[in-house]
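Structure data follow from query-v3.cif (mmCIF, C-alpha atoms and all ligand atoms):
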```cif
data_my_file
loop_
_atom_site.label_atom_id
_atom_site.label_comp_id
_atom_site.auth_asym_id
_atom_site.auth_seq_id
_atom_site.Cartn_x
_atom_site.Cartn_y
_atom_site.Cartn_z
CA MET B 1 0.00 0.00 0.00
CA SER B 2 1.35 3.43 -0.90
CA ASP B 3 2.58 5.66 1.93
CA HIS B 4 1.45 8.63 -0.10
CA VAL B 5 -2.23 8.06 0.62
CA MET B 6 -3.04 10.03 3.78
CA PRO B 7 -3.50 7.42 6.51
CA THR B 8 -6.91 8.62 7.78
CA TYR B 9 -8.41 5.13 7.32
CA ARG B 10 -7.38 1.84 8.90
CA ARG B 11 -7.47 -0.01 5.59
CA LEU B 12 -7.46 -3.75 5.08
CA PRO B 13 -5.02 -5.15 2.55
CA LEU B 14 -7.83 -6.20 0.20
CA ASN B 15 -7.52 -4.93 -3.34
CA PHE B 16 -10.81 -5.29 -5.16
CA VAL B 17 -10.49 -5.03 -8.89
CA ARG B 18 -13.89 -6.14 -10.16
CA GLY B 19 -17.50 -6.19 -9.01
CA THR B 20 -20.59 -7.93 -10.40
CA GLY B 21 -23.96 -7.79 -8.70
CA SER B 22 -23.49 -8.57 -5.00
CA TRP B 23 -19.94 -9.89 -5.47
CA LEU B 24 -16.48 -8.32 -5.35
CA GLU B 25 -13.31 -9.94 -6.64
CA THR B 26 -9.75 -9.23 -5.45
CA ASP B 27 -6.61 -8.99 -7.58
CA SER B 28 -5.82 -12.56 -6.55
CA GLY B 29 -9.23 -13.81 -7.71
CA GLU B 30 -10.87 -14.26 -4.27
CA ARG B 31 -14.63 -13.56 -4.30
CA TYR B 32 -16.43 -11.80 -1.46
CA LEU B 33 -20.16 -11.36 -0.97
CA ASP B 34 -20.51 -7.61 -0.52
CA PHE B 35 -22.93 -6.87 2.33
CA GLY B 36 -21.24 -3.52 2.94
CA SER B 37 -22.17 -2.05 -0.44
CA GLY B 38 -19.57 0.70 -0.04
CA VAL B 39 -21.45 1.63 3.19
CA ALA B 40 -24.97 1.65 1.76
CA VAL B 41 -24.00 3.11 -1.60
CA ASN B 42 -24.26 0.33 -4.21
CA THR B 43 -28.06 0.29 -4.29
CA LEU B 44 -28.11 -2.04 -7.30
CA GLY B 45 -24.85 -3.88 -6.66
CA HIS B 46 -21.78 -3.63 -8.86
CA ALA B 47 -21.72 -3.04 -12.61
CA HIS B 48 -25.50 -3.04 -12.98
CA PRO B 49 -26.01 -3.12 -16.77
CA LYS B 50 -28.60 -0.33 -16.75
CA LEU B 51 -26.40 1.98 -14.66
CA THR B 52 -23.38 1.22 -16.83
CA ALA B 53 -25.44 1.91 -19.96
CA ALA B 54 -26.74 5.22 -18.54
CA LEU B 55 -23.21 6.29 -17.59
CA VAL B 56 -21.68 5.37 -20.95
CA GLU B 57 -24.53 6.91 -22.94
CA GLN B 58 -24.21 10.19 -21.03
CA ALA B 59 -20.39 10.12 -21.16
CA GLU B 60 -20.57 10.00 -24.93
CA LYS B 61 -22.83 13.09 -24.98
CA LEU B 62 -21.80 15.48 -22.21
CA TRP B 63 -19.97 15.02 -18.89
CA HIS B 64 -20.18 18.35 -17.22
CA VAL B 65 -21.65 21.80 -17.59
CA SER B 66 -21.91 24.46 -14.95
CA ASN B 67 -25.01 25.14 -12.91
CA LEU B 68 -24.99 28.49 -14.71
CA TYR B 69 -27.05 26.60 -17.32
CA SER B 70 -30.12 24.41 -17.07
CA ILE B 71 -29.30 20.70 -16.87
CA GLN B 72 -32.01 18.42 -18.21
CA GLY B 73 -31.07 15.31 -16.21
CA GLN B 74 -30.98 17.40 -13.03
CA GLU B 75 -34.44 18.82 -13.67
CA ARG B 76 -35.86 15.37 -14.36
CA LEU B 77 -34.26 13.98 -11.20
CA ALA B 78 -35.57 16.88 -9.09
CA ASP B 79 -39.10 16.41 -10.51
CA ARG B 80 -39.04 12.69 -9.74
CA LEU B 81 -37.71 13.14 -6.19
CA CYS B 82 -40.37 15.75 -5.47
CA ASP B 83 -43.18 13.68 -7.05
CA ALA B 84 -42.19 10.83 -4.74
CA SER B 85 -41.89 12.86 -1.52
CA PHE B 86 -43.00 15.82 0.61
CA ALA B 87 -40.54 18.11 -1.19
CA ASP B 88 -40.95 20.96 -3.69
CA ARG B 89 -37.31 22.01 -4.16
CA VAL B 90 -34.04 20.10 -4.55
CA PHE B 91 -30.42 21.26 -4.48
CA PHE B 92 -27.83 18.81 -5.80
CA CYS B 93 -24.33 18.37 -4.35
CA ASN B 94 -21.77 15.56 -4.31
CA SER B 95 -21.85 13.88 -0.90
CA GLY B 96 -23.76 13.35 2.30
CA THR B 97 -21.85 15.88 4.35
CA GLU B 98 -22.48 18.57 1.72
CA ALA B 99 -26.17 17.73 1.78
CA ILE B 100 -26.12 18.23 5.57
CA GLU B 101 -24.34 21.59 5.19
CA GLY B 102 -27.18 22.56 2.84
CA VAL B 103 -29.76 21.46 5.40
CA ILE B 104 -28.10 23.54 8.12
CA LYS B 105 -27.90 26.60 5.86
CA THR B 106 -31.50 26.21 4.68
CA ILE B 107 -32.77 26.00 8.27
CA ARG B 108 -30.87 29.11 9.35
CA LYS B 109 -31.69 31.06 6.21
CA TYR B 110 -35.40 30.30 6.54
CA HIS B 111 -35.54 32.08 9.88
CA ALA B 112 -33.25 34.90 8.76
CA ALA B 113 -35.43 35.52 5.69
CA ALA B 114 -38.49 35.59 7.95
CA GLY B 115 -36.87 38.37 10.01
CA ASN B 116 -35.64 36.10 12.83
CA PRO B 117 -31.87 35.76 12.35
CA GLN B 118 -31.48 35.11 16.09
CA ARG B 119 -33.02 31.69 15.51
CA TYR B 120 -30.03 29.59 14.50
CA LYS B 121 -29.75 26.70 16.95
CA ILE B 122 -30.37 23.17 15.76
CA ILE B 123 -31.26 20.27 18.03
CA THR B 124 -29.41 17.03 17.17
CA PHE B 125 -29.13 13.61 18.78
CA GLY B 126 -26.65 11.32 20.52
CA GLY B 127 -25.35 8.44 18.39
CA ALA B 128 -26.02 10.36 15.18
CA PHE B 129 -23.56 10.72 12.32
CA HIS B 130 -23.94 13.57 9.85
CA GLY B 131 -20.52 13.85 8.16
CA ARG B 132 -17.04 15.32 8.44
CA THR B 133 -17.24 18.94 7.31
CA TYR B 134 -17.38 21.57 10.06
CA GLY B 135 -21.15 22.04 10.15
CA ALA B 136 -21.87 18.32 9.91
CA LEU B 137 -19.21 17.59 12.55
CA ALA B 138 -20.81 20.06 14.93
CA ALA B 139 -24.20 18.48 14.25
CA THR B 140 -22.70 15.04 14.95
CA GLY B 141 -21.08 16.35 18.13
CA ASN B 142 -18.73 13.37 18.54
CA ALA B 143 -15.69 14.55 20.52
CA ALA B 144 -13.41 11.99 18.85
CA TYR B 145 -14.11 13.49 15.42
CA LEU B 146 -13.80 17.10 16.62
CA ASP B 147 -10.57 16.74 18.59
CA GLY B 148 -7.78 19.02 17.38
CA PHE B 149 -9.80 20.78 14.71
CA GLY B 150 -10.18 24.10 16.51
CA PRO B 151 -13.39 25.80 17.61
CA GLN B 152 -16.58 23.94 16.83
CA LEU B 153 -19.28 25.65 14.78
CA PRO B 154 -21.68 26.99 17.41
CA GLY B 155 -25.42 26.51 17.49
CA PHE B 156 -25.98 22.79 18.03
CA VAL B 157 -27.74 21.31 21.04
CA LYS B 158 -27.37 17.56 21.52
CA ILE B 159 -30.12 15.48 23.11
CA GLU B 160 -30.28 11.74 23.80
CA PRO B 161 -32.49 9.98 21.24
CA LEU B 162 -36.06 9.11 22.28
CA ASP B 163 -36.08 11.75 25.05
CA LEU B 164 -38.91 13.96 23.85
CA LYS B 165 -39.13 15.82 27.17
CA ALA B 166 -35.48 16.83 26.86
CA VAL B 167 -36.13 18.06 23.30
CA ALA B 168 -39.06 20.17 24.50
CA ALA B 169 -36.94 21.56 27.36
CA ALA B 170 -34.09 22.47 24.97
CA ILE B 171 -36.27 24.65 22.72
CA ASP B 172 -35.82 28.38 23.29
CA ASP B 173 -36.16 31.66 21.36
CA GLU B 174 -32.98 30.88 19.40
CA THR B 175 -33.98 27.40 18.26
CA ALA B 176 -34.34 27.09 14.49
CA GLY B 177 -34.75 23.39 13.78
CA ILE B 178 -34.32 19.74 14.62
CA LEU B 179 -32.07 17.35 12.67
CA ILE B 180 -32.34 13.58 13.03
CA GLU B 181 -31.69 10.31 11.19
CA PRO B 182 -35.01 8.39 11.19
CA VAL B 183 -32.86 5.25 11.26
CA GLN B 184 -29.35 5.77 12.61
CA GLY B 185 -26.75 4.11 10.43
CA GLU B 186 -23.29 4.64 11.95
CA GLY B 187 -24.94 4.73 15.40
CA GLY B 188 -25.83 1.04 15.07
CA ALA B 189 -28.79 0.53 12.69
CA ARG B 190 -31.16 2.01 15.25
CA SER B 191 -34.65 3.02 14.21
CA VAL B 192 -36.02 5.93 16.25
CA GLY B 193 -39.60 4.85 15.51
CA ALA B 194 -42.85 6.55 14.58
CA ALA B 195 -43.85 7.79 18.04
CA PHE B 196 -40.66 9.80 18.58
CA LEU B 197 -40.74 11.28 15.06
CA ARG B 198 -44.41 12.20 15.56
CA GLY B 199 -43.44 13.92 18.81
CA LEU B 200 -40.69 15.88 17.06
CA ARG B 201 -43.08 16.85 14.25
CA SER B 202 -45.57 18.24 16.72
CA LEU B 203 -42.90 20.11 18.73
CA ALA B 204 -41.57 21.60 15.46
CA ASP B 205 -45.07 22.70 14.43
CA GLN B 206 -45.84 24.11 17.85
CA HIS B 207 -42.64 26.22 17.99
CA GLY B 208 -42.26 27.16 14.32
CA LEU B 209 -39.12 25.01 13.88
CA LEU B 210 -38.03 23.20 10.74
CA LEU B 211 -37.82 19.43 11.06
CA ALA B 212 -34.96 17.95 9.00
CA PHE B 213 -34.24 14.28 8.37
CA ASP B 214 -30.80 12.94 7.49
CA GLU B 215 -31.59 10.11 5.07
CA VAL B 216 -28.08 9.99 3.62
CA GLN B 217 -27.77 6.35 4.69
CA CYS B 218 -31.38 5.22 5.21
CA GLY B 219 -32.89 6.85 2.08
CA ILE B 220 -33.39 5.57 -1.51
CA GLY B 221 -35.12 2.31 -0.71
CA ARG B 222 -32.63 1.08 1.91
CA THR B 223 -35.36 0.57 4.53
CA GLY B 224 -37.95 -0.86 2.16
CA ALA B 225 -39.62 2.54 1.65
CA LEU B 226 -38.23 5.06 -0.83
CA PHE B 227 -37.46 7.30 2.16
CA ALA B 228 -37.27 5.89 5.68
CA HIS B 229 -39.64 8.48 7.13
CA GLN B 230 -42.36 7.19 4.79
CA LEU B 231 -42.31 3.97 6.84
CA PHE B 232 -43.41 6.03 9.82
CA GLY B 233 -45.82 8.38 8.04
CA ILE B 234 -44.08 11.55 9.31
CA ASP B 235 -42.89 14.14 6.77
CA PRO B 236 -39.98 16.49 7.43
CA ASP B 237 -39.59 20.02 6.05
CA ILE B 238 -36.08 19.31 4.77
CA MET B 239 -34.14 16.13 4.02
CA ALA B 240 -30.56 15.22 3.10
CA ILE B 241 -29.84 12.27 0.81
CA ALA B 242 -26.70 10.94 -0.91
CA LYS B 243 -25.07 7.46 -0.84
CA GLY B 244 -27.66 5.23 -2.57
CA LEU B 245 -28.91 7.99 -4.88
CA GLY B 246 -26.05 7.51 -7.35
CA GLY B 247 -25.61 3.76 -6.81
CA GLY B 248 -21.84 4.36 -6.65
CA PHE B 249 -21.56 7.58 -8.62
CA PRO B 250 -21.01 10.49 -6.18
CA ILE B 251 -24.12 12.63 -5.81
CA GLY B 252 -26.00 14.11 -2.87
CA ALA B 253 -28.99 16.38 -2.50
CA PHE B 254 -31.08 18.28 -0.03
CA LEU B 255 -34.81 18.53 -0.51
CA ALA B 256 -37.19 21.04 1.04
CA SER B 257 -40.82 22.07 1.02
CA GLU B 258 -41.50 25.35 -0.75
CA ALA B 259 -41.91 27.14 2.58
CA ALA B 260 -38.75 25.68 4.14
CA ALA B 261 -36.72 26.58 1.04
CA GLY B 262 -37.98 30.15 1.32
CA GLY B 263 -34.60 31.72 2.05
CA MET B 264 -32.63 29.82 -0.59
CA VAL B 265 -32.73 32.37 -3.38
CA ALA B 266 -30.27 32.99 -6.24
CA GLY B 267 -26.74 33.37 -4.86
CA SER B 268 -27.48 31.82 -1.47
CA HIS B 269 -25.78 28.48 -2.20
CA GLY B 270 -23.84 26.77 -4.95
CA SER B 271 -21.74 23.82 -6.11
CA THR B 272 -19.45 23.43 -9.12
CA PHE B 273 -20.11 19.74 -9.67
CA GLY B 274 -23.46 19.27 -7.92
CA GLY B 275 -26.03 17.56 -10.14
CA ASN B 276 -23.90 17.48 -13.26
CA PRO B 277 -25.07 15.55 -16.34
CA LEU B 278 -23.08 12.37 -15.56
CA ALA B 279 -24.18 12.14 -11.93
CA THR B 280 -27.83 12.84 -12.67
CA ALA B 281 -27.93 10.39 -15.60
CA VAL B 282 -26.82 7.61 -13.24
CA ALA B 283 -29.13 8.73 -10.42
CA ASN B 284 -32.09 8.76 -12.83
CA ALA B 285 -31.19 5.20 -13.83
CA VAL B 286 -31.10 4.21 -10.12
CA LEU B 287 -34.57 5.70 -9.69
CA ASP B 288 -35.84 3.83 -12.78
CA GLU B 289 -35.21 0.63 -10.82
CA VAL B 290 -36.10 1.72 -7.29
CA LEU B 291 -39.38 3.37 -8.39
CA ASN B 292 -40.47 0.22 -10.24
CA PRO B 293 -43.61 -0.85 -8.29
CA ASP B 294 -42.18 -4.33 -7.63
CA PHE B 295 -38.85 -3.11 -6.26
CA LEU B 296 -39.59 -1.93 -2.71
CA PRO B 297 -41.96 -4.82 -1.83
CA ALA B 298 -39.11 -7.15 -2.86
CA VAL B 299 -36.74 -5.27 -0.51
CA GLN B 300 -39.24 -5.77 2.33
CA GLN B 301 -39.57 -9.45 1.53
CA LYS B 302 -35.80 -9.96 1.47
CA SER B 303 -35.51 -8.04 4.72
CA ALA B 304 -38.05 -10.35 6.40
CA LEU B 305 -36.17 -13.42 5.20
CA MET B 306 -32.80 -12.09 6.34
CA ARG B 307 -34.06 -10.94 9.71
CA GLN B 308 -35.82 -14.21 10.38
CA GLY B 309 -32.63 -16.11 9.51
CA LEU B 310 -30.48 -13.80 11.64
CA ALA B 311 -32.86 -14.09 14.61
CA ALA B 312 -32.46 -17.89 14.42
CA VAL B 313 -28.66 -17.53 14.31
CA CYS B 314 -28.81 -15.22 17.37
CA ASP B 315 -30.91 -17.81 19.23
CA ALA B 316 -28.40 -20.51 18.38
CA HIS B 317 -25.33 -18.42 19.36
CA PRO B 318 -26.36 -16.13 22.25
CA GLN B 319 -22.73 -15.90 23.39
CA VAL B 320 -21.84 -14.18 20.08
CA LEU B 321 -24.92 -12.25 18.86
CA ASP B 322 -27.90 -11.09 20.86
CA GLY B 323 -30.26 -9.16 18.62
CA VAL B 324 -31.28 -7.97 15.17
CA ARG B 325 -32.28 -4.36 14.51
CA GLY B 326 -32.73 -1.76 11.79
CA GLU B 327 -35.25 -1.51 8.96
CA GLY B 328 -35.40 -3.08 5.52
CA LEU B 329 -31.90 -3.96 4.32
CA LEU B 330 -30.23 -1.60 6.79
CA ILE B 331 -29.77 -4.45 9.22
CA GLY B 332 -27.77 -4.44 12.43
CA VAL B 333 -26.75 -7.45 14.48
CA HIS B 334 -25.88 -6.56 18.04
CA CYS B 335 -22.76 -8.39 19.17
CA VAL B 336 -21.76 -9.90 22.49
CA VAL B 337 -18.20 -10.36 21.23
CA PRO B 338 -16.42 -7.15 20.06
CA ASN B 339 -18.11 -6.07 16.81
CA THR B 340 -14.83 -5.54 14.97
CA ASP B 341 -13.84 -9.15 15.78
CA PHE B 342 -17.13 -10.29 14.30
CA VAL B 343 -16.59 -8.22 11.13
CA ASP B 344 -13.23 -10.06 10.83
CA ALA B 345 -14.93 -13.41 11.44
CA LEU B 346 -17.47 -12.67 8.69
CA ARG B 347 -14.71 -11.60 6.34
CA ALA B 348 -12.95 -14.91 6.99
CA GLN B 349 -16.16 -16.47 5.59
CA ARG B 350 -15.87 -14.14 2.58
CA LEU B 351 -18.78 -11.95 3.69
CA LEU B 352 -18.19 -8.18 3.87
CA SER B 353 -20.01 -6.17 6.54
CA VAL B 354 -19.51 -2.83 8.30
CA ALA B 355 -18.98 -2.18 12.02
CA ALA B 356 -21.26 0.40 13.64
CA GLY B 357 -21.76 2.07 17.01
CA ASP B 358 -23.17 0.31 20.06
CA ASN B 359 -21.16 -2.87 19.32
CA THR B 360 -23.21 -3.59 16.21
CA VAL B 361 -22.33 -5.00 12.80
CA ARG B 362 -24.25 -3.68 9.80
CA LEU B 363 -25.34 -5.88 6.93
CA LEU B 364 -26.13 -3.64 3.96
CA PRO B 365 -26.58 -5.83 0.89
CA PRO B 366 -27.39 -4.32 -2.48
CA LEU B 367 -31.17 -3.84 -2.60
CA ASN B 368 -31.41 -6.17 -5.61
CA VAL B 369 -29.57 -8.96 -3.75
CA LYS B 370 -30.76 -12.43 -4.72
CA GLN B 371 -32.50 -14.75 -2.28
CA SER B 372 -29.76 -17.35 -2.85
CA GLU B 373 -27.18 -14.72 -1.83
CA LEU B 374 -29.09 -13.98 1.37
CA GLU B 375 -28.97 -17.71 2.11
CA THR B 376 -25.21 -17.77 1.43
CA ALA B 377 -24.80 -14.78 3.77
CA LEU B 378 -26.82 -16.47 6.52
CA ARG B 379 -24.62 -19.56 6.27
CA ALA B 380 -21.55 -17.30 6.55
CA VAL B 381 -22.99 -15.61 9.65
CA GLU B 382 -23.66 -19.01 11.18
CA LEU B 383 -20.10 -20.19 10.46
CA ALA B 384 -18.63 -16.91 11.76
CA CYS B 385 -20.60 -17.41 15.01
CA ALA B 386 -19.32 -20.96 15.37
CA ALA B 387 -15.77 -19.67 14.84
CA SER B 388 -16.21 -16.84 17.38
CA VAL B 389 -16.75 -18.92 20.54
N1 LIG B 401 -25.21 11.37 7.17
C1 LIG B 401 -25.30 10.04 7.40
C2 LIG B 401 -26.51 9.48 8.07
C3 LIG B 401 -24.26 9.19 7.01
O1 LIG B 401 -24.34 7.88 7.27
C4 LIG B 401 -23.13 9.76 6.37
C5 LIG B 401 -21.98 8.90 5.98
O2 LIG B 401 -21.79 7.82 6.47
C6 LIG B 401 -23.09 11.15 6.14
C7 LIG B 401 -24.16 11.91 6.54
C8 LIG B 401 -21.92 11.77 5.44
O3 LIG B 401 -21.91 11.37 4.12
P1 LIG B 401 -20.57 11.49 3.22
O4 LIG B 401 -19.60 10.51 3.76
O5 LIG B 401 -21.06 11.16 1.82
O6 LIG B 401 -20.11 12.90 3.34
#
```
Using structure tokens, write down the structure that the file contains.
Amino acid sequence: MSDHVMPTYRRLPLNFVRGTGSWLETDSGERYLDFGSGVAVNTLGHAHPKLTAALVEQAEKLWHVSNLYSIQGQERLADRLCDASFADRVFFCNSGTEAIEGVIKTIRKYHAAAGNPQRYKIITFGGAFHGRTYGALAATGNAAYLDGFGPQLPGFVKIEPLDLKAVAAAIDDETAGILIEPVQGEGGARSVGAAFLRGLRSLADQHGLLLAFDEVQCGIGRTGALFAHQLFGIDPDIMAIAKGLGGGFPIGAFLASEAAAGGMVAGSHGSTFGGNPLATAVANAVLDEVLNPDFLPAVQQKSALMRQGLAAVCDAHPQVLDGVRGEGLLIGVHCVVPNTDFVDALRAQRLLSVAAGDNTVRLLPPLNVKQSELETALRAVELACAASV
């Protein structure tokens, strides 16, 4: 491995050179079942023929033009995202953390445009992860990620999840909004549930706050609904998405209702690359599949099969695993052994997974994973358990 790559990751010496569907292949020809999906990115697995075709077709026409001009693919993608959600406006960027920056700016600008610039504080939650830029880091509030990076962006108030009374008590004349992941990803595949989101919605309405959901990880079909909050029947005013939207091509977005987007006028925000023709061609091809009426019911069905199988493995190996959580194909298994050891044990069975908070391991297969691949994964989990005692 080259010393010239900045060592901000603890990388494994695995060099993947090819991917097909749910499988990755190393330079030495070893095949791994990819239940990490680039951390919930490869919505349709690797080298999906329709995504490849969309990318190649667009590459032959036009890669990039500035947002100084109208971009057809971007307009189509915005229309489709709005038709399928609460939103009226979309801004495209390149990553999850940028989408969160946009959410923070939109919340603050909404109040400033309404003549209340003193309202700038955003309530966020323990165990959340929102990204690595300064605003997103402050929203995440994890000391380990902030250490050594100078003063934190002010204006974030962190509350423990599911403590609605504490949220109500934290609201004051300077509060502008609430930001939450409906299903925490990095925090350990933890669903916050309908009752808590309903409580937040009513507090936001009562106090004139904007409610923002971070669906960077749990959006785009990952939970079995197009957007996770649709599982719970609670709409936000603003939402961040990224990861699965491009199926592996970098693209992010923030979406807002017309009212919430009120302050975001010409000149208020921008991005050189955001929503360029290549990225939006691929994202439109992802939506072609995910919006197919049979797609999300199939995700739910696969989720049920996987969860049932995992629950049986937990019952058989209580000294290794003690619970299954999450929604759809954002699945967490809570470990009794250290979660990173279990990720290693799964990898020894040629199954890729991702460690998460609260001693959990995430299983994030492509959403078009085959039933036979779920069965292969369950066998690998079983074998990894047997090897972990
Ligand atoms: N928000 C959530 C919920 C995430 O899971 C992530 C990344 O893991 C981010 C934001 C940041 O996204 P990115 O790494 O694309 O900047």
Problem set entry | Which residue of B:Val216, B:Val167, B:Leu278, B:Leu55 approaches Gln74 (chain B) most closely, using all atoms listed in the file |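 Of all the options, B:Leu278 lies closest to Gln74 (chain B).
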For chain B versus ligand LIG 401 (chain B), which residues have an atom no more than 6 Å away, and what is each residue's nearest atom pair and distance in Å rounded to one decimal, using all atoms listed in the file, chain-then-number order, as JSON lines?
```
{"residue": "B:Ser95", "atom": "CA", "partner": "B:LIG401", "partner_atom": "O5", "distance": 3.9}
{"residue": "B:Gly96", "atom": "CA", "partner": "B:LIG401", "partner_atom": "O3", "distance": 3.3}
{"residue": "B:Thr97", "atom": "CA", "partner": "B:LIG401", "partner_atom": "O6", "distance": 3.6}
{"residue": "B:Phe129", "atom": "CA", "partner": "B:LIG401", "partner_atom": "C1", "distance": 5.3}
{"residue": "B:His130", "atom": "CA", "partner": "B:LIG401", "partner_atom": "N1", "distance": 3.7}
{"residue": "B:Gly131", "atom": "CA", "partner": "B:LIG401", "partner_atom": "C8", "distance": 3.7}
{"residue": "B:Gly185", "atom": "CA", "partner": "B:LIG401", "partner_atom": "O1", "distance": 5.5}
{"residue": "B:Glu186", "atom": "CA", "partner": "B:LIG401", "partner_atom": "O1", "distance": 5.8}
{"residue": "B:Asp214", "atom": "CA", "partner": "B:LIG401", "partner_atom": "C2", "distance": 5.5}
{"residue": "B:Glu215", "atom": "CA", "partner": "B:LIG401", "partner_atom": "C2", "distance": 5.9}
{"residue": "B:Val216", "atom": "CA", "partner": "B:LIG401", "partner_atom": "C1", "distance": 4.7}
{"residue": "B:Gln217", "atom": "CA", "partner": "B:LIG401", "partner_atom": "O1", "distance": 4.6}
```
With C-alpha atoms kept, could you save the residues just selected as a PDB file, keeping the file's coordinate frame?
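Saved to again.pdb:
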```pdb
ATOM      1  CA  SER B  95     -21.850  13.880  -0.900  1.00  0.00           C
ATOM      2  CA  GLY B  96     -23.760  13.350   2.300  1.00  0.00           C
ATOM      3  CA  THR B  97     -21.850  15.880   4.350  1.00  0.00           C
ATOM      4  CA  PHE B 129     -23.560  10.720  12.320  1.00  0.00           C
ATOM      5  CA  HIS B 130     -23.940  13.570   9.850  1.00  0.00           C
ATOM      6  CA  GLY B 131     -20.520  13.850   8.160  1.00  0.00           C
ATOM      7  CA  GLY B 185     -26.750   4.110  10.430  1.00  0.00           C
ATOM      8  CA  GLU B 186     -23.290   4.640  11.950  1.00  0.00           C
ATOM      9  CA  ASP B 214     -30.800  12.940   7.490  1.00  0.00           C
ATOM     10  CA  GLU B 215     -31.590  10.110   5.070  1.00  0.00           C
ATOM     11  CA  VAL B 216     -28.080   9.990   3.620  1.00  0.00           C
ATOM     12  CA  GLN B 217     -27.770   6.350   4.690  1.00  0.00           C
TER      13      GLN B 217
END
```
Mind checking which residues fall within 12 Å of region 305-318 of chain B, counting only C-alpha atoms, ignoring those fewer than 3 positions away in the same chain, and posting them as a PDB file with C-alpha atoms, in the coordinates of the input?
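New file part05.pdb:
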```
ATOM      1  CA  PHE B  35     -22.930  -6.870   2.330  1.00  0.00           C
ATOM      2  CA  ALA B 298     -39.110  -7.150  -2.860  1.00  0.00           C
ATOM      3  CA  VAL B 299     -36.740  -5.270  -0.510  1.00  0.00           C
ATOM      4  CA  GLN B 300     -39.240  -5.770   2.330  1.00  0.00           C
ATOM      5  CA  GLN B 301     -39.570  -9.450   1.530  1.00  0.00           C
ATOM      6  CA  LYS B 302     -35.800  -9.960   1.470  1.00  0.00           C
ATOM      7  CA  LEU B 321     -24.920 -12.250  18.860  1.00  0.00           C
ATOM      8  CA  ASP B 322     -27.900 -11.090  20.860  1.00  0.00           C
ATOM      9  CA  GLY B 323     -30.260  -9.160  18.620  1.00  0.00           C
ATOM     10  CA  VAL B 324     -31.280  -7.970  15.170  1.00  0.00           C
ATOM     11  CA  ARG B 325     -32.280  -4.360  14.510  1.00  0.00           C
ATOM     12  CA  GLY B 326     -32.730  -1.760  11.790  1.00  0.00           C
ATOM     13  CA  GLU B 327     -35.250  -1.510   8.960  1.00  0.00           C
ATOM     14  CA  GLY B 328     -35.400  -3.080   5.520  1.00  0.00           C
ATOM     15  CA  LEU B 329     -31.900  -3.960   4.320  1.00  0.00           C
ATOM     16  CA  LEU B 330     -30.230  -1.600   6.790  1.00  0.00           C
ATOM     17  CA  ILE B 331     -29.770  -4.450   9.220  1.00  0.00           C
ATOM     18  CA  GLY B 332     -27.770  -4.440  12.430  1.00  0.00           C
ATOM     19  CA  VAL B 333     -26.750  -7.450  14.480  1.00  0.00           C
ATOM     20  CA  HIS B 334     -25.880  -6.560  18.040  1.00  0.00           C
ATOM     21  CA  CYS B 335     -22.760  -8.390  19.170  1.00  0.00           C
ATOM     22  CA  VAL B 336     -21.760  -9.900  22.490  1.00  0.00           C
ATOM     23  CA  VAL B 337     -18.200 -10.360  21.230  1.00  0.00           C
ATOM     24  CA  LEU B 363     -25.340  -5.880   6.930  1.00  0.00           C
ATOM     25  CA  LEU B 364     -26.130  -3.640   3.960  1.00  0.00           C
ATOM     26  CA  PRO B 365     -26.580  -5.830   0.890  1.00  0.00           C
ATOM     27  CA  VAL B 369     -29.570  -8.960  -3.750  1.00  0.00           C
ATOM     28  CA  LYS B 370     -30.760 -12.430  -4.720  1.00  0.00           C
ATOM     29  CA  GLN B 371     -32.500 -14.750  -2.280  1.00  0.00           C
ATOM     30  CA  SER B 372     -29.760 -17.350  -2.850  1.00  0.00           C
ATOM     31  CA  GLU B 373     -27.180 -14.720  -1.830  1.00  0.00           C
ATOM     32  CA  LEU B 374     -29.090 -13.980   1.370  1.00  0.00           C
ATOM     33  CA  GLU B 375     -28.970 -17.710   2.110  1.00  0.00           C
ATOM     34  CA  THR B 376     -25.210 -17.770   1.430  1.00  0.00           C
ATOM     35  CA  ALA B 377     -24.800 -14.780   3.770  1.00  0.00           C
ATOM     36  CA  LEU B 378     -26.820 -16.470   6.520  1.00  0.00           C
ATOM     37  CA  ARG B 379     -24.620 -19.560   6.270  1.00  0.00           C
ATOM     38  CA  ALA B 380     -21.550 -17.300   6.550  1.00  0.00           C
ATOM     39  CA  VAL B 381     -22.990 -15.610   9.650  1.00  0.00           C
ATOM     40  CA  GLU B 382     -23.660 -19.010  11.180  1.00  0.00           C
ATOM     41  CA  LEU B 383     -20.100 -20.190  10.460  1.00  0.00           C
ATOM     42  CA  ALA B 384     -18.630 -16.910  11.760  1.00  0.00           C
ATOM     43  CA  CYS B 385     -20.600 -17.410  15.010  1.00  0.00           C
ATOM     44  CA  ALA B 386     -19.320 -20.960  15.370  1.00  0.00           C
ATOM     45  CA  ALA B 387     -15.770 -19.670  14.840  1.00  0.00           C
ATOM     46  CA  SER B 388     -16.210 -16.840  17.380  1.00  0.00           C
ATOM     47  CA  VAL B 389     -16.750 -18.920  20.540  1.00  0.00           C
TER      48      VAL B 389
END
```
Quick one: everything within 7 Å of Lys50 (chain B), counting all atoms listed in the file, minus sequence neighbours fewer than 3 positions away in the same chain. Send it as a PDB file with C-alpha atoms, in the coordinates of the input.
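And here's around_12.pdb as it stands now:
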```pdb
ATOM      1  CA  ALA B  53     -25.440   1.910 -19.960  1.00  0.00           C
ATOM      2  CA  ALA B  54     -26.740   5.220 -18.540  1.00  0.00           C
ATOM      3  CA  ALA B 285     -31.190   5.200 -13.830  1.00  0.00           C
TER       4      ALA B 285
END
```
For this session: Take CA of Ser303 (chain B) and CA of Leu367 (chain B) and report the distance between them in Å, one decimal.
Result: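 Computed distance, CA of Ser303 (chain B) to CA of Leu367 (chain B), equals 9.5 Å.
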